[in-house]
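**Q** Take a look at target_3.cif, mmCIF, C-alpha atoms:
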```cif
data_structure
#
loop_
_atom_site.label_atom_id
_atom_site.label_comp_id
_atom_site.auth_asym_id
_atom_site.auth_seq_id
_atom_site.Cartn_x
_atom_site.Cartn_y
_atom_site.Cartn_z
CA MET A 1 -112.04 -72.44 -88.49
CA LYS A 2 -112.34 -71.35 -84.89
CA ASN A 3 -113.64 -73.90 -82.37
CA LYS A 4 -113.95 -74.55 -78.64
CA VAL A 5 -112.61 -78.12 -78.59
CA LYS A 6 -109.53 -77.39 -76.45
CA MET A 7 -111.47 -75.31 -73.94
CA LEU A 8 -114.23 -77.90 -73.54
CA ARG A 9 -111.78 -80.80 -73.42
CA LEU A 10 -109.78 -79.18 -70.63
CA ALA A 11 -112.98 -78.35 -68.78
CA LEU A 12 -113.88 -82.05 -68.86
CA GLY A 13 -110.34 -83.00 -67.77
CA LEU A 14 -109.69 -85.19 -70.82
CA THR A 15 -106.35 -85.64 -72.54
CA GLN A 16 -106.11 -85.36 -76.32
CA GLN A 17 -105.59 -89.13 -76.56
CA GLN A 18 -108.62 -89.85 -74.40
CA LEU A 19 -110.83 -87.61 -76.53
CA ALA A 20 -109.36 -89.19 -79.69
CA ASP A 21 -110.22 -92.67 -78.38
CA LEU A 22 -113.76 -91.59 -77.53
CA VAL A 23 -114.44 -90.33 -81.06
CA ASN A 24 -112.34 -93.00 -82.86
CA VAL A 25 -109.75 -90.74 -84.47
CA SER A 26 -106.02 -90.28 -83.92
CA ALA A 27 -104.64 -87.90 -81.31
CA ARG A 28 -102.97 -86.06 -84.21
CA THR A 29 -106.43 -85.24 -85.60
CA ILE A 30 -107.51 -83.76 -82.26
CA ILE A 31 -104.29 -81.70 -82.11
CA SER A 32 -104.95 -80.36 -85.64
CA ILE A 33 -108.54 -79.48 -84.78
CA GLU A 34 -107.45 -77.67 -81.62
CA LYS A 35 -104.80 -75.76 -83.54
CA GLU A 36 -107.54 -74.84 -86.05
CA GLN A 37 -105.52 -76.36 -88.87
CA TYR A 38 -108.14 -78.95 -89.75
CA ASN A 39 -111.93 -78.68 -89.84
CA PRO A 40 -113.69 -81.78 -88.48
CA SER A 41 -116.37 -83.51 -90.53
CA LEU A 42 -119.98 -83.00 -89.50
CA MET A 43 -120.10 -86.49 -87.95
CA LEU A 44 -116.92 -85.95 -85.92
CA ALA A 45 -118.15 -82.54 -84.76
CA TYR A 46 -121.44 -84.16 -83.72
CA LYS A 47 -119.64 -86.93 -81.78
CA MET A 48 -117.53 -84.36 -79.93
CA SER A 49 -120.54 -82.15 -79.23
CA GLN A 50 -122.28 -85.14 -77.62
CA ILE A 51 -119.26 -85.81 -75.41
CA PHE A 52 -119.03 -82.16 -74.37
CA ASN A 53 -122.82 -81.87 -74.10
CA VAL A 54 -123.01 -78.76 -76.27
CA SER A 55 -124.46 -78.11 -79.70
CA VAL A 56 -122.35 -78.46 -82.87
CA GLU A 57 -123.08 -74.79 -83.52
CA ASP A 58 -121.58 -73.87 -80.19
CA LEU A 59 -118.62 -76.27 -80.44
CA CYS A 60 -117.57 -75.01 -83.86
CA CYS A 61 -118.42 -71.33 -83.17
CA LEU A 62 -120.47 -71.38 -86.37
CA GLU A 63 -122.05 -67.96 -85.87
CA GLU A 64 -118.69 -66.34 -85.18
CA ASN A 65 -117.06 -68.10 -88.12
CA LEU A 66 -119.89 -67.10 -90.44
CA LYS A 67 -119.51 -63.46 -89.40
CA MET A 68 -115.76 -63.64 -90.01
CA GLU A 69 -116.34 -65.23 -93.40
CA ASN A 70 -118.88 -62.57 -94.36
CA ASN A 71 -116.48 -59.82 -93.27
CA ASN A 72 -113.73 -61.35 -95.40
CA GLU A 73 -116.09 -61.58 -98.37
CA ASN A 74 -117.03 -57.90 -97.95
CA LYS A 75 -113.36 -56.90 -97.80
CA LYS A 76 -112.78 -58.59 -101.16
CA MET B 1 -111.36 -118.82 -95.75
CA LYS B 2 -111.27 -115.04 -95.58
CA ILE B 3 -109.01 -112.96 -97.82
CA LYS B 4 -106.79 -110.87 -95.55
CA ASN B 5 -104.40 -109.39 -98.09
CA LYS B 6 -105.96 -108.44 -101.43
CA ARG B 7 -102.66 -107.26 -102.89
CA ALA B 8 -101.00 -110.63 -102.28
CA LEU B 9 -103.99 -112.39 -103.80
CA ALA B 10 -103.72 -110.26 -106.95
CA ALA B 11 -99.98 -111.04 -107.15
CA ALA B 12 -100.74 -114.75 -106.68
CA VAL B 13 -103.32 -114.71 -109.49
CA ILE B 14 -100.91 -112.96 -111.87
CA ALA B 15 -98.03 -115.30 -110.93
CA GLY B 16 -100.35 -118.29 -111.34
CA LEU B 17 -101.44 -117.19 -114.80
CA ILE B 18 -97.87 -116.61 -115.97
CA PHE B 19 -96.91 -119.99 -114.45
CA ILE B 20 -99.59 -121.72 -116.56
CA ILE B 21 -98.42 -119.86 -119.70
CA CYS B 22 -94.82 -120.94 -118.96
CA ILE B 23 -95.88 -124.59 -118.54
CA ILE B 24 -97.86 -124.51 -121.81
CA PHE B 25 -94.90 -123.05 -123.71
CA TYR B 26 -92.51 -125.51 -122.03
CA ILE B 27 -94.65 -128.45 -123.22
CA LYS B 28 -94.59 -126.99 -126.75
CA THR B 29 -90.91 -125.98 -126.94
CA SER B 30 -89.13 -128.01 -124.20
CA ASN B 31 -87.02 -124.94 -123.37
CA SER B 32 -85.40 -125.47 -119.94
CA ARG B 33 -85.43 -121.72 -119.19
CA LEU B 34 -89.21 -121.83 -119.19
CA LEU B 35 -89.15 -124.63 -116.62
CA ILE B 36 -86.89 -122.57 -114.31
CA SER B 37 -89.23 -119.57 -114.75
CA ALA B 38 -92.22 -121.78 -114.00
CA ALA B 39 -90.58 -123.06 -110.80
CA LEU B 40 -89.83 -119.52 -109.65
CA LEU B 41 -93.34 -118.37 -110.53
CA PHE B 42 -94.82 -121.27 -108.61
CA ALA B 43 -92.79 -120.25 -105.55
CA ILE B 44 -94.07 -116.66 -105.90
CA PHE B 45 -97.62 -117.98 -106.37
CA ALA B 46 -97.42 -120.22 -103.29
CA SER B 47 -95.89 -117.57 -101.02
CA ASN B 48 -98.47 -114.98 -102.09
CA ILE B 49 -101.36 -117.39 -101.59
CA TYR B 50 -100.04 -118.02 -98.07
CA LEU B 51 -99.78 -114.26 -97.40
CA ALA B 52 -103.24 -113.56 -98.89
CA PHE B 53 -105.01 -115.86 -96.44
CA SER B 54 -102.84 -115.61 -93.34
CA LYS B 55 -101.45 -112.10 -93.00
CA LYS B 56 -102.95 -108.68 -93.38
CA GLY B 57 -101.29 -106.46 -95.98
CA ILE B 58 -100.01 -102.95 -95.38
CA LEU B 59 -103.05 -101.42 -97.11
CA GLU B 60 -105.50 -103.50 -95.07
CA GLU B 61 -103.65 -102.65 -91.83
CA LEU B 62 -103.63 -98.97 -92.69
CA SER B 63 -107.29 -98.81 -93.73
CA GLU B 64 -108.26 -99.89 -90.22
CA LYS B 65 -106.17 -97.17 -88.62
CA THR B 66 -106.99 -94.26 -90.91
CA ASP B 67 -109.33 -91.54 -89.83
CA GLU B 68 -110.90 -88.66 -91.73
CA ARG B 69 -107.85 -86.39 -91.41
CA ASP B 70 -105.63 -89.09 -92.94
CA LEU B 71 -108.02 -89.33 -95.89
CA PHE B 72 -108.01 -85.54 -96.22
CA ILE B 73 -104.20 -85.51 -96.20
CA LEU B 74 -104.15 -88.38 -98.70
CA SER B 75 -106.35 -86.50 -101.17
CA LYS B 76 -104.28 -83.34 -100.73
CA THR B 77 -101.07 -85.37 -101.21
CA GLY B 78 -102.44 -86.86 -104.42
CA TYR B 79 -103.41 -83.45 -105.76
CA LEU B 80 -100.02 -81.92 -104.94
CA THR B 81 -98.13 -84.93 -106.33
CA VAL B 82 -99.95 -84.63 -109.67
CA LYS B 83 -99.27 -80.89 -109.73
CA ILE B 84 -95.54 -81.30 -108.99
CA LEU B 85 -95.14 -84.20 -111.44
CA ASN B 86 -96.88 -82.19 -114.16
CA PHE B 87 -94.56 -79.29 -113.53
CA ILE B 88 -91.44 -81.49 -113.62
CA LEU B 89 -92.52 -83.31 -116.78
CA ILE B 90 -93.44 -80.13 -118.66
CA ALA B 91 -90.22 -78.39 -117.54
CA ALA B 92 -88.14 -81.39 -118.69
CA ASP B 93 -90.10 -81.48 -121.95
CA TYR B 94 -89.26 -77.84 -122.70
CA ILE B 95 -85.61 -78.41 -121.77
CA PHE B 96 -85.33 -81.33 -124.22
CA ILE B 97 -87.06 -79.34 -126.99
CA VAL B 98 -84.63 -76.45 -126.46
CA LEU B 99 -81.67 -78.91 -126.39
CA TYR B 100 -82.92 -80.43 -129.64
CA GLY B 101 -83.09 -76.93 -131.12
CA ILE B 102 -79.45 -76.37 -130.15
CA TYR B 103 -77.80 -79.76 -130.79
CA LYS B 104 -80.22 -81.36 -133.32
CA TYR B 105 -79.66 -84.86 -131.89
CA PRO B 106 -82.76 -86.91 -132.86
CA TYR B 107 -82.90 -88.78 -129.54
CA LEU B 108 -83.57 -85.47 -127.74
CA ILE B 109 -86.83 -85.00 -129.67
CA TYR B 110 -87.78 -88.64 -128.96
CA ILE B 111 -87.37 -87.97 -125.23
CA ALA B 112 -89.39 -84.74 -125.51
CA GLY B 113 -92.10 -86.59 -127.44
CA THR B 114 -92.25 -89.36 -124.84
CA LEU B 115 -92.50 -86.83 -122.01
CA SER B 116 -95.30 -85.00 -123.87
CA ALA B 117 -97.13 -88.32 -124.29
CA VAL B 118 -96.81 -88.98 -120.55
CA VAL B 119 -98.18 -85.50 -119.76
CA VAL B 120 -101.13 -86.02 -122.14
CA LEU B 121 -101.78 -89.51 -120.70
CA MET B 122 -101.68 -88.11 -117.17
CA PHE B 123 -104.13 -85.38 -118.15
CA ILE B 124 -106.53 -87.87 -119.78
CA THR B 125 -106.36 -90.13 -116.69
CA TYR B 126 -106.88 -87.15 -114.39
CA LEU B 127 -109.87 -86.00 -116.48
CA GLY B 128 -111.34 -89.51 -116.56
CA VAL B 129 -111.05 -89.95 -112.80
CA ASN B 130 -112.46 -86.45 -112.23
CA ILE B 131 -115.51 -87.13 -114.45
CA TYR B 132 -116.07 -90.48 -112.74
CA LEU B 133 -115.91 -88.92 -109.27
CA GLU B 134 -118.15 -86.01 -110.34
CA LYS B 135 -120.82 -88.53 -111.32
CA HIS B 136 -120.41 -91.04 -108.52
CA GLU B 137 -119.34 -89.12 -105.42
#
```
As structure tokens - that is how I would like this structure written.

**A**
Amino acid sequence: MKNKVKMLRLALGLTQQQLADLVNVSARTIISIEKEQYNPSLMLAYKMSQIFNVSVEDLCCLEENLKMENNNENKK
Amino acid sequence: MKIKNKRALAAAVIAGLIFIICIIFYIKTSNSRLLISAALLFAIFASNIYLAFSKKGILEELSEKTDERDLFILSKTGYLTVKILNFILIAADYIFIVLYGIYKYPYLIYIAGTLSAVVVLMFITYLGVNIYLEKHE
């Protein structure tokens, strides 16, 4: 799932480890989220959205992802 | 006193119980082998009791360091392990049945039967766990 974690993290000037420490997960988890290999839980997404001062919807590009999902469904 | 290592405590309880059984049988039969076993079991019991209350076990250490991605990977690992094991067991089962068909050695059918039993047992366990989680998660 697409997200804006990397962009927002760099904008805040945080390292992956620093962000991981702030939300109590491993740096590996942050790397996976940024690579869009792993989808964060609702609680983790909420914690990150509070740090970045954006909504969860915005952080996880929910509208965009929903559109992509609908397009994929239609293609099937 | 707080339990720090549950695994060691379980091992201590088991060792303690077997130790008591050994002592009871030693009193009844006076077999020196039982006394040696009892001494060894007491050593295992004592060392595990020490570990249970003084040191954290691997599982306890890990549970403090795991995050949600680790749990996700763990569940995926479990699923894949079951899938691979099932495949290996069923493949080996078929191989032994075919070998029995060719060579007619009775032990080949015993092996195939045992493997089938393991597959069935695994399936029943899997189903049981799945039903439990469906109701409780």

**Q** Check every residue of chain B for an atom within 12 Å of chain A, counting only C-alpha atoms, and provide those that qualify as a list of chain:residue names.

**A**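 Residues of chain B within 12 Å of chain A, counting only C-alpha atoms: B:Glu64, B:Lys65, B:Thr66, B:Asp67, B:Glu68, B:Arg69, B:Asp70, B:Leu71, B:Phe72, B:Ile73.
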
**Q** Work out how far atom CA of B:Ile18 is from atom CA of B:Thr114, in Å to one decimal.

**A**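 Spanning atom CA of B:Thr114 to atom CA of B:Ile18 is a straight-line distance of 29.2 Å.
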
**Q** Assuming the chain letters and numbering stay as they are in my file, what does the PyMOL selection byres ((chain B and resi 80-90) around 10) actually select? List them as JSON, numbers by chain.

**A** {"B": [74, 75, 76, 77, 78, 79, 91, 92, 93, 94, 95, 96, 112, 115, 116, 118, 119, 120, 122, 123, 126]}

**Q** What gap, in Å, lies between atom CA of B:Leu40 and atom CA of B:Ala15?

**A**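 Separation of atom CA of B:Leu40 and atom CA of B:Ala15: 9.3 Å.
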
**Q** Quote the spacing between atom CA of B:Lys56 and atom CA of B:Asn5 in Å to one decimal place.

**A**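 Going from atom CA of B:Lys56 over to atom CA of B:Asn5 covers 5.0 Å.
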
**Q** Taking 4 positions as the minimum chain separation for residues in the same chain, which residues sit within 12 Å of B:Ile21 when counting only C-alpha atoms? Answer as JSON, numbers by chain.

**A** {"B": [14, 15, 16, 17, 25, 26, 27, 28, 34, 35, 37, 38, 41, 42]}

**Q** Residues picked by the PyMOL selection byres ((chain A and resi 47) around 12) here, as a PyMOL selection string?

**A** chain A and resi 5+19-25+40-46+48-56+59

**Q** Looking at A:Gln37, A:Asn3, A:Asn70, A:Thr15, which one is nearest to A:Glu57, with distances taken over only C-alpha atoms?

**A**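 Result for the nearest residue to A:Glu57: A:Asn3.
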
**Q** Where does the PyMOL selection byres ((chain A and resi 2) around 9) land in this file, that is, which residues does it pick, as number ranges by chain?

**A** A: 1, 3-4, 33-36, 39, 60-62, 64-65
